[in-house]
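The file start.csv contains CSV, C-alpha atoms:
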chain,number,residue,atom,x,y,z
Q,250,MET,CA,197.7,200.7,64.2
Q,251,HIS,CA,198.8,204.0,62.7
Q,252,LEU,CA,199.0,205.3,66.3
Q,253,MET,CA,201.3,208.3,65.6
Q,254,ASN,CA,199.2,209.3,62.6
Q,255,ARG,CA,196.0,208.9,64.6
Q,256,LEU,CA,197.3,211.1,67.5
Q,257,LEU,CA,198.5,213.8,65.1
Q,258,LEU,CA,195.2,213.9,63.2
Q,259,LEU,CA,193.2,214.0,66.4
Q,260,THR,CA,195.3,216.9,67.7
Q,261,LEU,CA,194.9,218.8,64.4
Q,262,LEU,CA,191.1,218.2,64.3
Q,263,PHE,CA,190.6,219.4,67.9
Q,264,VAL,CA,192.9,222.3,67.5
Q,265,GLY,CA,190.9,223.2,64.5
Q,266,LEU,CA,187.7,223.3,66.6
Q,267,LEU,CA,189.3,225.5,69.2
Q,268,LEU,CA,190.4,228.0,66.6
Q,269,VAL,CA,187.1,228.1,64.7
Q,270,ASP,CA,186.3,231.7,65.7
Q,271,SER,CA,189.7,233.0,64.5
Q,272,THR,CA,190.1,231.0,61.3
Q,273,SER,CA,189.3,232.5,57.9
Q,274,ALA,CA,187.3,230.6,55.3
Q,275,VAL,CA,190.5,230.1,53.3
Q,276,ASP,CA,192.2,228.4,56.3
Q,277,ALA,CA,189.1,226.3,57.2
Q,278,SER,CA,189.4,222.5,57.6
Q,279,VAL,CA,187.1,219.6,58.1
Q,280,ALA,CA,186.9,220.3,61.8
Q,281,ASN,CA,185.6,223.8,61.5
Q,282,ALA,CA,184.3,224.3,58.0
Q,283,PRO,CA,180.7,225.3,57.5
Q,284,GLY,CA,178.3,222.7,56.3
Q,285,THR,CA,178.1,224.4,52.9
Q,286,ASN,CA,181.7,223.5,52.3
Q,287,LEU,CA,181.5,219.8,53.4
Q,288,GLU,CA,181.1,216.9,51.0
Q,289,VAL,CA,180.2,213.5,52.4
Q,290,SER,CA,181.0,210.1,50.8
Q,291,LEU,CA,181.0,206.5,51.6
Q,292,ILE,CA,184.4,204.8,50.8
Q,293,SER,CA,184.1,201.0,50.3
Q,294,TYR,CA,187.1,198.7,50.2
Q,295,GLY,CA,187.0,195.3,48.7
Q,296,PRO,CA,188.0,192.1,50.5
Q,297,GLY,CA,191.7,191.6,51.2
Q,298,GLU,CA,193.9,188.5,51.3
Q,299,THR,CA,194.2,188.1,55.1
Q,300,TYR,CA,191.3,186.3,56.9
Q,301,TRP,CA,190.2,189.3,58.9
Q,302,GLU,CA,190.1,191.4,55.7
Q,303,ARG,CA,187.9,189.0,53.8
Q,304,PHE,CA,184.7,190.8,54.7
Q,305,GLY,CA,185.9,194.1,53.3
Q,306,HIS,CA,186.0,197.5,55.0
Q,307,ASP,CA,184.5,201.0,54.6
Q,308,ALA,CA,184.8,204.5,55.9
Q,309,ILE,CA,183.0,207.9,55.9
Q,310,GLU,CA,184.9,210.5,54.0
Q,311,VAL,CA,184.3,214.1,54.9
Q,312,ARG,CA,185.9,216.6,52.6
Q,313,ASP,CA,186.2,220.4,52.9
Q,314,THR,CA,185.8,221.6,49.4
Q,315,VAL,CA,187.5,225.0,50.1
Q,316,SER,CA,190.7,223.9,51.8
Q,317,GLY,CA,190.8,220.5,50.1
Q,318,GLU,CA,191.3,218.7,53.4
Q,319,SER,CA,189.7,215.3,53.5
Q,320,VAL,CA,189.4,212.9,56.4
Q,321,ASP,CA,188.2,209.2,56.5
Q,322,PHE,CA,186.4,208.1,59.6
Q,323,ASN,CA,186.2,204.4,60.2
Q,324,TYR,CA,185.4,201.9,63.0
Q,325,GLY,CA,187.8,199.1,62.2
Q,326,VAL,CA,190.8,199.5,64.5
Q,327,PHE,CA,191.9,196.8,66.9
Q,328,ASP,CA,195.2,196.1,68.6
Q,329,PHE,CA,196.9,192.7,68.9
Q,330,ASN,CA,199.0,194.0,71.7
Q,331,GLU,CA,196.0,194.9,73.9
Q,332,SER,CA,196.2,193.2,77.3
Q,333,ASN,CA,194.6,189.7,77.1
Q,334,PHE,CA,193.6,190.3,73.5
Q,335,PHE,CA,193.3,186.7,72.5
Q,336,VAL,CA,191.5,185.7,75.7
Q,337,ASN,CA,189.0,188.5,75.2
Q,338,PHE,CA,188.6,187.5,71.5
Q,339,ALA,CA,187.9,183.9,72.5
Q,340,ARG,CA,185.3,185.0,75.0
Q,341,GLY,CA,183.6,187.3,72.5
Q,342,HIS,CA,184.8,190.5,74.1
Q,343,MET,CA,186.4,192.2,71.1
Q,344,HIS,CA,187.4,195.8,71.7
Q,345,TYR,CA,187.4,197.9,68.6
Q,346,LEU,CA,188.0,201.6,68.1
Q,347,MET,CA,186.9,204.4,65.8
Q,348,ASP,CA,189.7,206.0,63.9
Q,349,ALA,CA,190.4,208.9,61.5
Q,350,GLU,CA,193.0,209.2,58.8
Q,351,TYR,CA,193.7,211.7,56.1
Q,352,SER,CA,191.9,210.3,53.0
Q,353,ALA,CA,194.7,210.3,50.4
Q,354,PRO,CA,197.3,208.1,52.3
Q,355,GLU,CA,194.5,205.9,53.8
Q,356,GLN,CA,193.0,205.1,50.4
Q,357,ALA,CA,196.4,204.7,48.8
Q,358,SER,CA,197.3,202.0,51.3
Q,359,TYR,CA,194.3,199.9,50.2
Q,360,THR,CA,195.1,200.6,46.5
Q,361,GLN,CA,198.7,199.4,47.1
Q,362,ASP,CA,197.3,196.2,48.6
Q,363,GLY,CA,195.3,195.5,45.4
Q,364,ARG,CA,191.9,196.0,47.1
Q,365,SER,CA,189.2,197.9,45.2
Q,366,VAL,CA,188.4,201.4,46.5
Q,367,THR,CA,185.0,203.0,45.6
Q,368,ARG,CA,183.7,206.5,46.5
Q,369,GLN,CA,179.9,207.1,46.6
Q,370,ARG,CA,179.2,210.8,47.1
Q,371,LEU,CA,176.0,211.2,49.2
Q,372,ALA,CA,173.3,213.9,48.8
Q,373,PHE,CA,173.6,215.4,52.3
Q,374,THR,CA,172.3,218.9,52.9
Q,375,PRO,CA,174.8,221.4,54.4
Q,376,GLN,CA,173.0,221.0,57.8
Q,377,GLN,CA,173.2,217.2,57.6
Q,378,ALA,CA,176.9,217.3,56.5
Q,379,GLY,CA,177.7,219.6,59.5
Q,380,ALA,CA,175.8,217.4,61.9
Q,381,LEU,CA,177.5,214.3,60.6
Q,382,ARG,CA,180.9,215.9,61.0
Q,383,ASP,CA,180.1,217.0,64.5
Q,384,PHE,CA,178.9,213.5,65.5
Q,385,LEU,CA,182.0,211.9,64.1
Q,386,LEU,CA,184.3,214.2,65.9
Q,387,TRP,CA,182.3,213.5,69.1
Q,388,ASN,CA,182.6,209.8,68.5
Q,389,LEU,CA,186.3,210.1,67.9
Q,390,ARG,CA,187.0,211.4,71.4
Q,391,PRO,CA,188.9,208.8,73.4
Q,392,GLU,CA,186.0,208.3,75.9
Q,393,ASN,CA,183.6,207.6,73.0
Q,394,ALA,CA,185.8,205.8,70.4
Q,395,GLY,CA,185.7,202.2,71.8
Q,396,TYR,CA,182.9,199.7,71.3
Q,397,ASN,CA,182.4,195.9,71.7
Q,398,TYR,CA,182.7,194.4,68.2
Q,399,ASP,CA,180.2,191.8,66.9
Q,400,TYR,CA,180.8,190.3,63.5
Q,401,TYR,CA,177.2,190.5,62.4
Q,402,ALA,CA,175.4,193.0,64.6
Q,403,ASP,CA,177.9,195.7,65.5
Q,404,ASN,CA,181.0,196.0,63.3
Q,405,CYS,CA,182.9,198.5,61.3
Q,406,THR,CA,180.2,198.7,58.6
Q,407,THR,CA,177.1,198.7,60.8
Q,408,ARG,CA,178.7,201.6,62.7
Q,409,VAL,CA,179.2,203.5,59.5
Q,410,ARG,CA,175.6,202.6,58.3
Q,411,ASP,CA,174.1,203.7,61.7
Q,412,ALA,CA,176.0,207.0,61.6
Q,413,LEU,CA,174.6,207.8,58.2
Q,414,ASP,CA,171.1,206.7,59.2
Q,415,LYS,CA,171.2,208.8,62.4
Q,416,ILE,CA,171.8,212.0,60.3
Q,417,LEU,CA,169.2,210.9,57.7
Q,418,GLY,CA,166.5,210.7,60.5
Q,419,GLY,CA,166.1,206.9,60.1
Q,420,ALA,CA,165.3,207.0,56.3
Q,421,LEU,CA,168.1,204.5,55.5
Q,422,LYS,CA,166.8,201.9,58.1
Q,423,THR,CA,163.2,202.3,57.1
Q,424,GLN,CA,163.8,201.7,53.4
Q,425,LEU,CA,166.3,198.8,53.8
Q,426,MET,CA,164.3,197.0,56.4
Q,427,ALA,CA,161.5,196.8,53.8
Q,428,GLN,CA,163.7,195.0,51.4
Q,429,PRO,CA,164.6,191.3,51.6
Q,430,GLY,CA,168.2,190.3,51.9
Q,431,GLY,CA,169.9,188.0,49.5
Q,432,MET,CA,171.7,185.6,51.8
Q,433,THR,CA,172.0,184.5,55.5
Q,434,PHE,CA,174.9,185.2,57.8
Q,435,ARG,CA,176.1,181.7,57.2
Q,436,GLN,CA,176.0,181.9,53.4
Q,437,GLN,CA,177.8,185.2,53.3
Q,438,THR,CA,180.4,183.9,55.7
Q,439,ALA,CA,181.0,180.8,53.6
Q,440,ARG,CA,181.1,182.8,50.4
Q,441,LEU,CA,183.7,185.3,51.7
Q,442,MET,CA,185.9,182.8,53.5
Q,443,SER,CA,185.9,180.3,50.7
Q,444,ALA,CA,189.5,181.3,49.8
Q,445,GLN,CA,190.5,179.7,53.2
Q,446,PRO,CA,188.6,176.4,53.0
Q,447,TRP,CA,189.7,175.1,56.4
Q,448,LEU,CA,188.7,178.3,58.2
Q,449,MET,CA,185.5,178.3,56.2
Q,450,LEU,CA,184.7,174.8,57.5
Q,451,VAL,CA,185.6,175.7,61.1
Q,452,LEU,CA,183.3,178.7,61.0
Q,453,ASP,CA,180.4,176.8,59.4
Q,454,LEU,CA,180.8,174.1,62.0
Q,455,GLY,CA,180.7,176.6,64.9
Q,456,LEU,CA,177.8,178.7,63.7
Q,457,GLY,CA,174.4,178.0,65.3
Q,458,PRO,CA,170.8,178.7,64.2
Q,459,TYR,CA,171.3,182.5,64.6
Q,460,ALA,CA,173.4,182.4,61.4
Q,461,ASP,CA,170.5,180.9,59.4
Q,462,GLN,CA,167.7,183.5,60.1
Q,463,PRO,CA,166.3,185.2,57.1
Q,464,LEU,CA,167.7,188.7,56.7
Q,465,ASN,CA,166.4,192.0,55.4
Q,466,ALA,CA,168.6,194.4,53.5
Q,467,TRP,CA,169.3,196.4,56.7
Q,468,GLN,CA,170.7,193.4,58.5
Q,469,GLU,CA,172.6,192.1,55.5
Q,470,SER,CA,174.3,195.5,55.2
Q,471,PHE,CA,176.7,194.4,57.9
Q,472,LEU,CA,179.0,193.8,54.9
Q,473,PRO,CA,180.7,196.8,53.1
Q,474,MET,CA,179.9,195.6,49.6
Q,475,VAL,CA,176.2,195.0,50.5
Q,476,LEU,CA,175.9,198.4,52.0
Q,477,GLN,CA,177.5,200.0,49.0
Q,478,GLU,CA,175.0,198.2,46.7
Q,479,GLN,CA,172.0,198.9,48.9
Q,480,LEU,CA,172.7,202.7,49.1
Q,481,ARG,CA,172.1,202.8,45.3
Q,482,THR,CA,168.5,202.0,46.0
Q,483,VAL,CA,167.8,204.5,48.7
Q,484,ARG,CA,165.9,207.8,48.0
Q,485,ILE,CA,165.7,210.8,50.4
Q,486,ASP,CA,163.7,214.0,50.7
Q,487,ASN,CA,165.0,216.6,48.3
Q,488,GLY,CA,163.4,219.5,50.2
Q,489,HIS,CA,160.9,220.3,47.5
Q,490,GLU,CA,158.1,217.7,48.2
Q,491,GLY,CA,160.0,215.1,46.2
Q,492,THR,CA,162.8,212.6,46.5
Q,493,GLN,CA,166.2,212.1,45.1
Q,494,PRO,CA,168.8,209.3,45.1
Q,495,LEU,CA,171.0,209.2,48.2
Q,496,VAL,CA,174.0,208.4,46.0
Q,497,GLN,CA,174.8,211.5,43.8
Q,498,SER,CA,177.7,209.9,42.0
Q,499,GLU,CA,179.9,206.8,42.2
Q,500,GLN,CA,183.6,206.6,41.4
Q,501,LEU,CA,185.9,203.6,41.2
Q,502,ILE,CA,189.1,205.1,42.6
Q,503,SER,CA,191.0,201.8,42.3
Q,504,PRO,CA,190.0,198.5,40.7
Q,505,ASN,CA,190.4,195.2,42.5
Q,506,ARG,CA,193.6,193.3,41.7
Q,507,LEU,CA,192.9,190.3,44.0
Q,508,ASP,CA,190.9,187.2,43.6
Q,509,VAL,CA,187.2,188.1,43.7
Q,510,PRO,CA,185.0,186.1,46.2
Q,511,PRO,CA,182.3,183.9,44.5
Q,512,VAL,CA,178.9,185.4,43.9
Q,513,ASN,CA,177.2,182.5,45.8
Q,514,ALA,CA,178.1,180.5,48.8
Q,515,PRO,CA,179.8,177.1,48.0
Q,516,ASP,CA,177.6,174.0,48.6
Q,517,LEU,CA,179.4,172.1,51.4
Q,518,ARG,CA,177.2,169.1,51.2
Q,519,PRO,CA,178.9,167.2,48.4
Q,520,PRO,CA,182.5,167.4,49.7
Q,521,LEU,CA,181.5,166.6,53.3
Q,522,ALA,CA,179.2,163.8,52.3
Q,523,VAL,CA,182.0,162.2,50.2
Q,524,ALA,CA,184.5,162.7,53.1
Q,525,GLY,CA,182.1,161.1,55.6
Q,526,LEU,CA,181.4,158.1,53.3
Q,527,PHE,CA,185.1,157.7,52.6
Q,528,LEU,CA,186.0,157.7,56.3
Q,529,ALA,CA,183.2,155.2,57.0
Q,530,VAL,CA,184.3,152.9,54.3
Q,531,VAL,CA,187.9,153.0,55.5
Q,532,ILE,CA,186.8,152.2,59.1
Q,533,LEU,CA,184.7,149.4,57.7
Q,534,LEU,CA,187.6,147.9,55.7
Q,535,THR,CA,190.2,148.2,58.5
Q,536,ARG,CA,187.8,146.5,61.0
Q,537,ARG,CA,188.4,143.3,59.1
Q,538,TRP,CA,191.8,143.6,57.6
Q,539,TRP,CA,193.8,145.9,59.9
Q,540,PRO,CA,192.6,145.9,63.6
Q,541,ILE,CA,195.2,148.4,64.8
Q,542,GLY,CA,194.4,150.7,61.9
Q,543,TYR,CA,190.7,150.4,62.8
Q,544,ALA,CA,191.4,151.3,66.4
Q,545,LEU,CA,193.6,154.2,65.4
Q,546,LEU,CA,191.2,155.6,62.8
Q,547,SER,CA,188.1,155.2,65.1
Q,548,SER,CA,190.0,156.8,68.0
Q,549,LEU,CA,190.9,159.8,65.8
Q,550,TYR,CA,187.3,160.3,64.8
Q,551,LEU,CA,186.1,160.0,68.4
Q,552,ILE,CA,188.7,162.3,69.8
Q,553,ALA,CA,187.9,164.9,67.1
Q,554,ALA,CA,184.2,164.5,67.9
Q,555,GLY,CA,184.8,165.0,71.6
Q,556,ILE,CA,187.0,168.0,71.2
Q,557,VAL,CA,184.5,169.7,68.8
Q,558,GLY,CA,181.7,169.0,71.2
Q,559,ILE,CA,183.7,170.6,74.1
Q,560,LEU,CA,184.4,173.7,72.0
Q,561,LEU,CA,180.8,174.0,70.9
Q,562,LEU,CA,179.7,173.8,74.5
Q,563,VAL,CA,182.2,176.4,75.6
Q,564,LEU,CA,181.1,178.8,72.8
Q,565,TRP,CA,177.5,178.3,74.0
Q,566,THR,CA,177.9,178.6,77.7
Q,567,LEU,CA,181.1,180.6,78.4
Q,568,THR,CA,181.2,183.2,75.6
Q,569,THR,CA,179.2,186.0,74.2
Q,570,HIS,CA,179.4,184.7,70.6
Q,571,HIS,CA,175.6,184.5,70.3
Q,572,SER,CA,176.0,183.4,66.7
Q,573,ALA,CA,177.4,180.1,68.1
Q,574,TRP,CA,174.8,179.4,70.7
Q,575,ALA,CA,172.4,176.4,70.7
Q,576,ASN,CA,174.5,174.7,68.0
Q,577,ALA,CA,172.6,171.6,66.7
Q,578,ASN,CA,176.0,170.1,65.7
Q,579,LEU,CA,176.2,169.0,69.4
Q,580,PHE,CA,173.9,166.2,68.5
Q,581,LEU,CA,176.6,165.0,66.0
Q,582,PHE,CA,179.8,165.8,67.9
Q,583,ASN,CA,179.9,165.8,71.7
Q,584,PRO,CA,182.2,164.9,74.6
Q,585,LEU,CA,180.4,161.6,75.2
Q,586,ALA,CA,182.5,160.3,72.3
Q,587,PHE,CA,185.5,160.1,74.6
Q,588,LEU,CA,183.8,157.3,76.6
Q,589,LEU,CA,183.9,155.1,73.6
Q,590,LEU,CA,187.7,155.1,73.2
Q,591,PRO,CA,188.5,152.1,75.5
Q,592,THR,CA,185.7,150.1,73.8
Q,593,VAL,CA,187.2,150.7,70.3
Q,594,TRP,CA,190.6,149.4,71.4
Q,595,ARG,CA,189.0,146.3,73.1
Q,596,ALA,CA,186.9,145.7,70.0
Q,597,ARG,CA,190.0,145.1,67.9
Q,598,ARG,CA,190.5,141.9,69.9
Q,599,GLY,CA,186.9,140.8,69.5
Q,600,SER,CA,185.7,142.0,73.0
Q,601,ALA,CA,182.0,142.8,73.3
Q,602,PRO,CA,180.9,146.2,74.4
Q,603,SER,CA,179.4,146.6,77.9
Q,604,ARG,CA,175.8,147.3,78.6
Q,605,PHE,CA,176.8,151.0,79.3
Q,606,ILE,CA,178.4,151.3,75.9
Q,607,GLU,CA,175.4,149.7,74.2
Q,608,VAL,CA,173.2,152.4,75.8
Q,609,LEU,CA,175.7,155.1,74.9
Q,610,LEU,CA,175.7,154.0,71.3
Q,611,SER,CA,171.9,154.0,71.2
Q,612,LEU,CA,171.8,157.5,72.7
Q,613,GLN,CA,174.2,158.7,70.0
Q,614,LEU,CA,172.1,157.2,67.2
Q,615,LEU,CA,169.0,158.7,68.8
Q,616,ALA,CA,170.8,162.1,68.8
Q,617,MET,CA,171.5,161.7,65.1
Q,618,LEU,CA,167.8,161.0,64.5
Q,619,ILE,CA,166.9,164.1,66.5
Q,620,ALA,CA,169.3,166.2,64.4
Q,621,LEU,CA,167.6,164.9,61.3
Q,622,LEU,CA,164.1,165.5,62.6
Q,623,LEU,CA,164.9,169.1,63.7
Q,624,HIS,CA,164.8,170.0,60.0
Q,625,LEU,CA,161.1,169.2,59.9
Q,626,LEU,CA,160.3,171.8,62.5
Q,627,PRO,CA,158.8,175.2,61.4
Q,628,GLY,CA,160.8,178.5,61.8
Q,629,VAL,CA,164.5,179.0,61.7
Q,630,VAL,CA,166.3,175.6,61.6
Q,631,GLN,CA,170.1,175.4,61.7
Q,632,GLN,CA,171.3,174.5,58.2
Q,633,ASN,CA,173.8,171.8,59.2
Q,634,HIS,CA,173.1,169.4,56.4
Q,635,PRO,CA,176.8,169.1,55.4
Q,636,TRP,CA,177.8,168.0,58.9
Q,637,LEU,CA,174.9,165.6,59.1
Q,638,LEU,CA,176.0,164.0,55.8
Q,639,PHE,CA,179.6,163.7,57.2
Q,640,ALA,CA,178.8,162.4,60.7
Q,641,LEU,CA,175.9,160.0,59.9
Q,642,PRO,CA,177.8,157.3,58.0
Q,643,CYS,CA,180.7,157.4,60.5
Q,644,TRP,CA,178.5,156.9,63.5
Q,645,LEU,CA,176.5,154.1,61.8
Q,646,VAL,CA,179.7,152.2,60.9
Q,647,LEU,CA,181.2,152.7,64.3
Q,648,ALA,CA,178.0,151.4,66.0
Q,649,TRP,CA,177.7,148.5,63.6
Q,650,SER,CA,181.4,147.6,63.9
Q,651,LEU,CA,181.3,147.5,67.7
Q,652,ARG,CA,178.2,145.3,67.6
Q,653,GLN,CA,179.8,143.1,64.9
Q,654,LYS,CA,182.8,142.5,67.1
Q,655,ALA,CA,180.5,141.3,69.8
Q,656,ARG,CA,178.9,138.8,67.4
Q,657,LEU,CA,182.2,137.6,66.2
Q,658,SER,CA,183.4,136.9,69.7
Q,659,ALA,CA,180.2,134.9,70.7
Show me, as structure tokens, the structure contained in the file I just sent.
Amino acid sequence: MHLMNRLLLLTLLFVGLLLVDSTSAVDASVANAPGTNLEVSLISYGPGETYWERFGHDAIEVRDTVSGESVDFNYGVFDFNESNFFVNFARGHMHYLMDAEYSAPEQASYTQDGRSVTRQRLAFTPQQAGALRDFLLWNLRPENAGYNYDYYADNCTTRVRDALDKILGGALKTQLMAQPGGMTFRQQTARLMSAQPWLMLVLDLGLGPYADQPLNAWQESFLPMVLQEQLRTVRIDNGHEGTQPLVQSEQLISPNRLDVPPVNAPDLRPPLAVAGLFLAVVILLTRRWWPIGYALLSSLYLIAAGIVGILLLVLWTLTTHHSAWANANLFLFNPLAFLLLPTVWRARRGSAPSRFIEVLLSLQLLAMLIALLLHLLPGVVQQNHPWLLFALPCWLVLAWSLRQKARLSA
């Protein structure tokens, strides 16, 4: 991504460092300018249209006020052409890179895409500005630029946040950890992905209890728009036994021209409850009036439940996607559903289920009960009410219909 531009900029930055002793103030650049000439800003980009752009993006802008040179440092570069990219992605081994681009063309590309661009100038002292510039240049070196990406705990925004906090001596973290967050990881994910409903549902189904923990403002600032908002509340030492706002000024460089994500997360309970009831009613009606349709529809549900269960198990046991571990939806959808497929097809002819199938159905209904009772436990409980409302009527109807077939054949 922007490989030639990145290589050119890296070369110019490092050459600038090598020539620092022989460069006049007029010829200074971001790489070698004194801290008194440096201006530090947070650049925040609004959500884009593509699914990986829905969370937004940001960068640290370092500007040399003498030469006018300005560079944006960001941590959001990945390469689809990387060896085994999709395999590593599935396993949770996502390799991201830090990058640097000249500010004007970088910000212009987001403006062209219709995404909002906001600059927050930060009250860094000359010493802090110079230290941040030096850290970013060190971090930009090929041996330091890579990191293992995590959507919630280690992403392009948390890296920007942590770099600012490092130079501020921990003041940012101290203040934001003392403030409560507004939403959970699950709620923020559903809110931002609501423009892609099917992807939103898949993500909600795959997220475990980790996504439902209460967040403070520091944790919730994994999102660019949240970090932008939270910085407005932060105050830092002004050097004269007082404090001042961290954000000195804020400028909307380009307004948003895309659909804005909703303020709140959508409530998935009504649509999934209706979908579950509808499917259960159709299964119930086809049981009596269309046996082949009953077998086909029931098989489709069982196959889907089994596949989902396998995927949830794989995410828990074979990947580092810790936000998907210990998913309580395994009580609702699990591979044992495959074992019911032959019974469904025999049931359309009035055959009674075996003792093994009777036990299996009882276990599945017990699992549903456990999934319900989990919500009575203290502490963080996975908020999977929508999927409970979807699965419960389907399993109840399937269990009843199989038993009903047995009574009809007696």
Task: Residue neighbourhood Q:Thr569, 12 Å, all atoms listed in the file, exclusion window fewer than 2 positions, as a list in words - done: Asn337, Phe338, Ala339, Arg340, Gly341, His342, Met343, Asn397, Tyr398, Asp399, Tyr400, Val563, Leu564, Trp565, Thr566, Leu567, His571, Ser572, Ala573 and Trp574 of chain Q
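Using all atoms listed in the file, the contacts of stretch 592-598 of chain Q at a cut-off of 7 Å, with sequence neighbours closer than 4 positions omitted, comprise Q:Pro540, Q:Ile541, Q:Ala544, Q:Ser547, Q:Pro602, Q:Leu651, Q:Lys654.
For the residues Q:Leu589, Q:Leu346, Q:Arg364, Q:Tyr396, ranking by smallest atom-to-atom distance to Q:Arg303 using all atoms listed in the file places Q:Arg364 first.
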- [ ] Kindly indicate which residue among Q:His344, Q:Gln377, Q:Ser503, Q:Glu469 lies nearest to Q:Ile292, using all atoms listed in the file for the distances.
- [x]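 Checking each of Q:His344, Q:Gln377, Q:Ser503, Q:Glu469 against Q:Ile292, counting all atoms listed in the file, the winner is Q:Ser503.
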Task: Between atom CA of Q:Arg484 and atom CA of Q:Phe322, distance in Å (one decimal) - done: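 One can read the atom CA of Q:Arg484 to atom CA of Q:Phe322 distance as 23.6 Å.
Across Q:Leu472, Q:Val496, Q:Leu585, Q:Val523, the tightest approach to Q:Leu638 is made by Q:Val523 when counting only C-alpha atoms.
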Task: Point-to-point distance in Å for atom CA of Q:Leu454 and atom CA of Q:Val646 - done: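 Rounded to one decimal, the two atoms are 22.0 Å apart.
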Open item on the list: Just want the 9 Å neighbourhood of Q:Val409, counted on only C-alpha atoms, with same-chain residues fewer than 5 positions away dropped. Output as a ChimeraX atom specification.
Closed with: /Q:291,307-309,322-324,404,414
Write the residues of the preceding selection, restricted to C-alpha atoms, as a short mmCIF file (atom, residue, chain, number, x, y, z; two decimals), in the frame of the given file.
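So the final result, stored in result00.cif, reads:
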data_model
loop_
_atom_site.label_atom_id
_atom_site.label_comp_id
_atom_site.auth_asym_id
_atom_site.auth_seq_id
_atom_site.Cartn_x
_atom_site.Cartn_y
_atom_site.Cartn_z
CA LEU Q 291 181.00 206.50 51.60
CA ASP Q 307 184.50 201.00 54.60
CA ALA Q 308 184.80 204.50 55.90
CA ILE Q 309 183.00 207.90 55.90
CA PHE Q 322 186.40 208.10 59.60
CA ASN Q 323 186.20 204.40 60.20
CA TYR Q 324 185.40 201.90 63.00
CA ASN Q 404 181.00 196.00 63.30
CA ASP Q 414 171.10 206.70 59.20
#
Near Q:Gln479, within 10 Å and counting only C-alpha atoms, which residues show up once chain neighbours fewer than 2 positions away are dropped, as a JSON list (two decimals) with C-alpha atoms, keeping the file's coordinate frame?
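Contents of around-v6.json, as written:
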[["chain", "number", "residue", "atom", "x", "y", "z"],
["Q", 421, "LEU", "CA", 168.10, 204.50, 55.50],
["Q", 424, "GLN", "CA", 163.80, 201.70, 53.40],
["Q", 425, "LEU", "CA", 166.30, 198.80, 53.80],
["Q", 428, "GLN", "CA", 163.70, 195.00, 51.40],
["Q", 430, "GLY", "CA", 168.20, 190.30, 51.90],
["Q", 466, "ALA", "CA", 168.60, 194.40, 53.50],
["Q", 467, "TRP", "CA", 169.30, 196.40, 56.70],
["Q", 469, "GLU", "CA", 172.60, 192.10, 55.50],
["Q", 470, "SER", "CA", 174.30, 195.50, 55.20],
["Q", 473, "PRO", "CA", 180.70, 196.80, 53.10],
["Q", 474, "MET", "CA", 179.90, 195.60, 49.60],
["Q", 475, "VAL", "CA", 176.20, 195.00, 50.50],
["Q", 476, "LEU", "CA", 175.90, 198.40, 52.00],
["Q", 477, "GLN", "CA", 177.50, 200.00, 49.00],
["Q", 481, "ARG", "CA", 172.10, 202.80, 45.30],
["Q", 482, "THR", "CA", 168.50, 202.00, 46.00],
["Q", 483, "VAL", "CA", 167.80, 204.50, 48.70]]
Task: Between atom CA of Q:Thr285 and atom CA of Q:Phe373, distance in Å (one decimal) - done: 10.1 Å
TODO: Would you mind telling me which residue in Q:Gln445, Q:Asn583, Q:Gly599, Q:Asp362 lies nearest to Q:Ala616 when using all atoms listed in the file?
DONE: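 The closest residue to Q:Ala616 is Q:Asn583.
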TODO: Check the smallest atom-to-atom distance from each of Q:Ala601, Q:Ala427, Q:Leu526, Q:Ile606 to Q:Phe587 using only C-alpha atoms, then report the winner.
DONE: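 Using only C-alpha atoms, Q:Phe587 sits closest to Q:Ile606.
The smallest atom-to-atom distance between Q:Met617 and any of Q:Gln436, Q:Ser603, Q:Asn578, Q:Gln493, using all atoms listed in the file, is found for Q:Asn578.
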For stretch 573-578 of chain Q, supply N, CA, C and O atoms and report the output as a PDB file, keeping the file's coordinate frame.
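Output contents, as saved in result32.pdb:
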ATOM      1  N   ALA Q 573     177.014 181.477  67.882  1.00  0.00           N
ATOM      2  CA  ALA Q 573     177.400 180.100  68.100  1.00  0.00           C
ATOM      3  C   ALA Q 573     176.553 179.356  69.104  1.00  0.00           C
ATOM      4  O   ALA Q 573     176.769 178.164  69.353  1.00  0.00           O
ATOM      5  N   TRP Q 574     175.597 180.043  69.690  1.00  0.00           N
ATOM      6  CA  TRP Q 574     174.800 179.400  70.700  1.00  0.00           C
ATOM      7  C   TRP Q 574     173.812 178.386  70.163  1.00  0.00           C
ATOM      8  O   TRP Q 574     173.396 178.468  69.004  1.00  0.00           O
ATOM      9  N   ALA Q 575     173.451 177.419  71.034  1.00  0.00           N
ATOM     10  CA  ALA Q 575     172.400 176.400  70.700  1.00  0.00           C
ATOM     11  C   ALA Q 575     172.759 175.672  69.405  1.00  0.00           C
ATOM     12  O   ALA Q 575     171.868 175.399  68.589  1.00  0.00           O
ATOM     13  N   ASN Q 576     174.019 175.318  69.224  1.00  0.00           N
ATOM     14  CA  ASN Q 576     174.500 174.700  68.000  1.00  0.00           C
ATOM     15  C   ASN Q 576     173.987 173.250  67.892  1.00  0.00           C
ATOM     16  O   ASN Q 576     174.341 172.414  68.722  1.00  0.00           O
ATOM     17  N   ALA Q 577     173.197 172.959  66.869  1.00  0.00           N
ATOM     18  CA  ALA Q 577     172.600 171.600  66.700  1.00  0.00           C
ATOM     19  C   ALA Q 577     173.716 170.579  66.360  1.00  0.00           C
ATOM     20  O   ALA Q 577     173.453 169.373  66.439  1.00  0.00           O
ATOM     21  N   ASN Q 578     174.922 171.020  66.003  1.00  0.00           N
ATOM     22  CA  ASN Q 578     176.000 170.100  65.700  1.00  0.00           C
ATOM     23  C   ASN Q 578     176.446 169.331  67.003  1.00  0.00           C
ATOM     24  O   ASN Q 578     177.190 168.356  66.912  1.00  0.00           O
TER      25      ASN Q 578
END
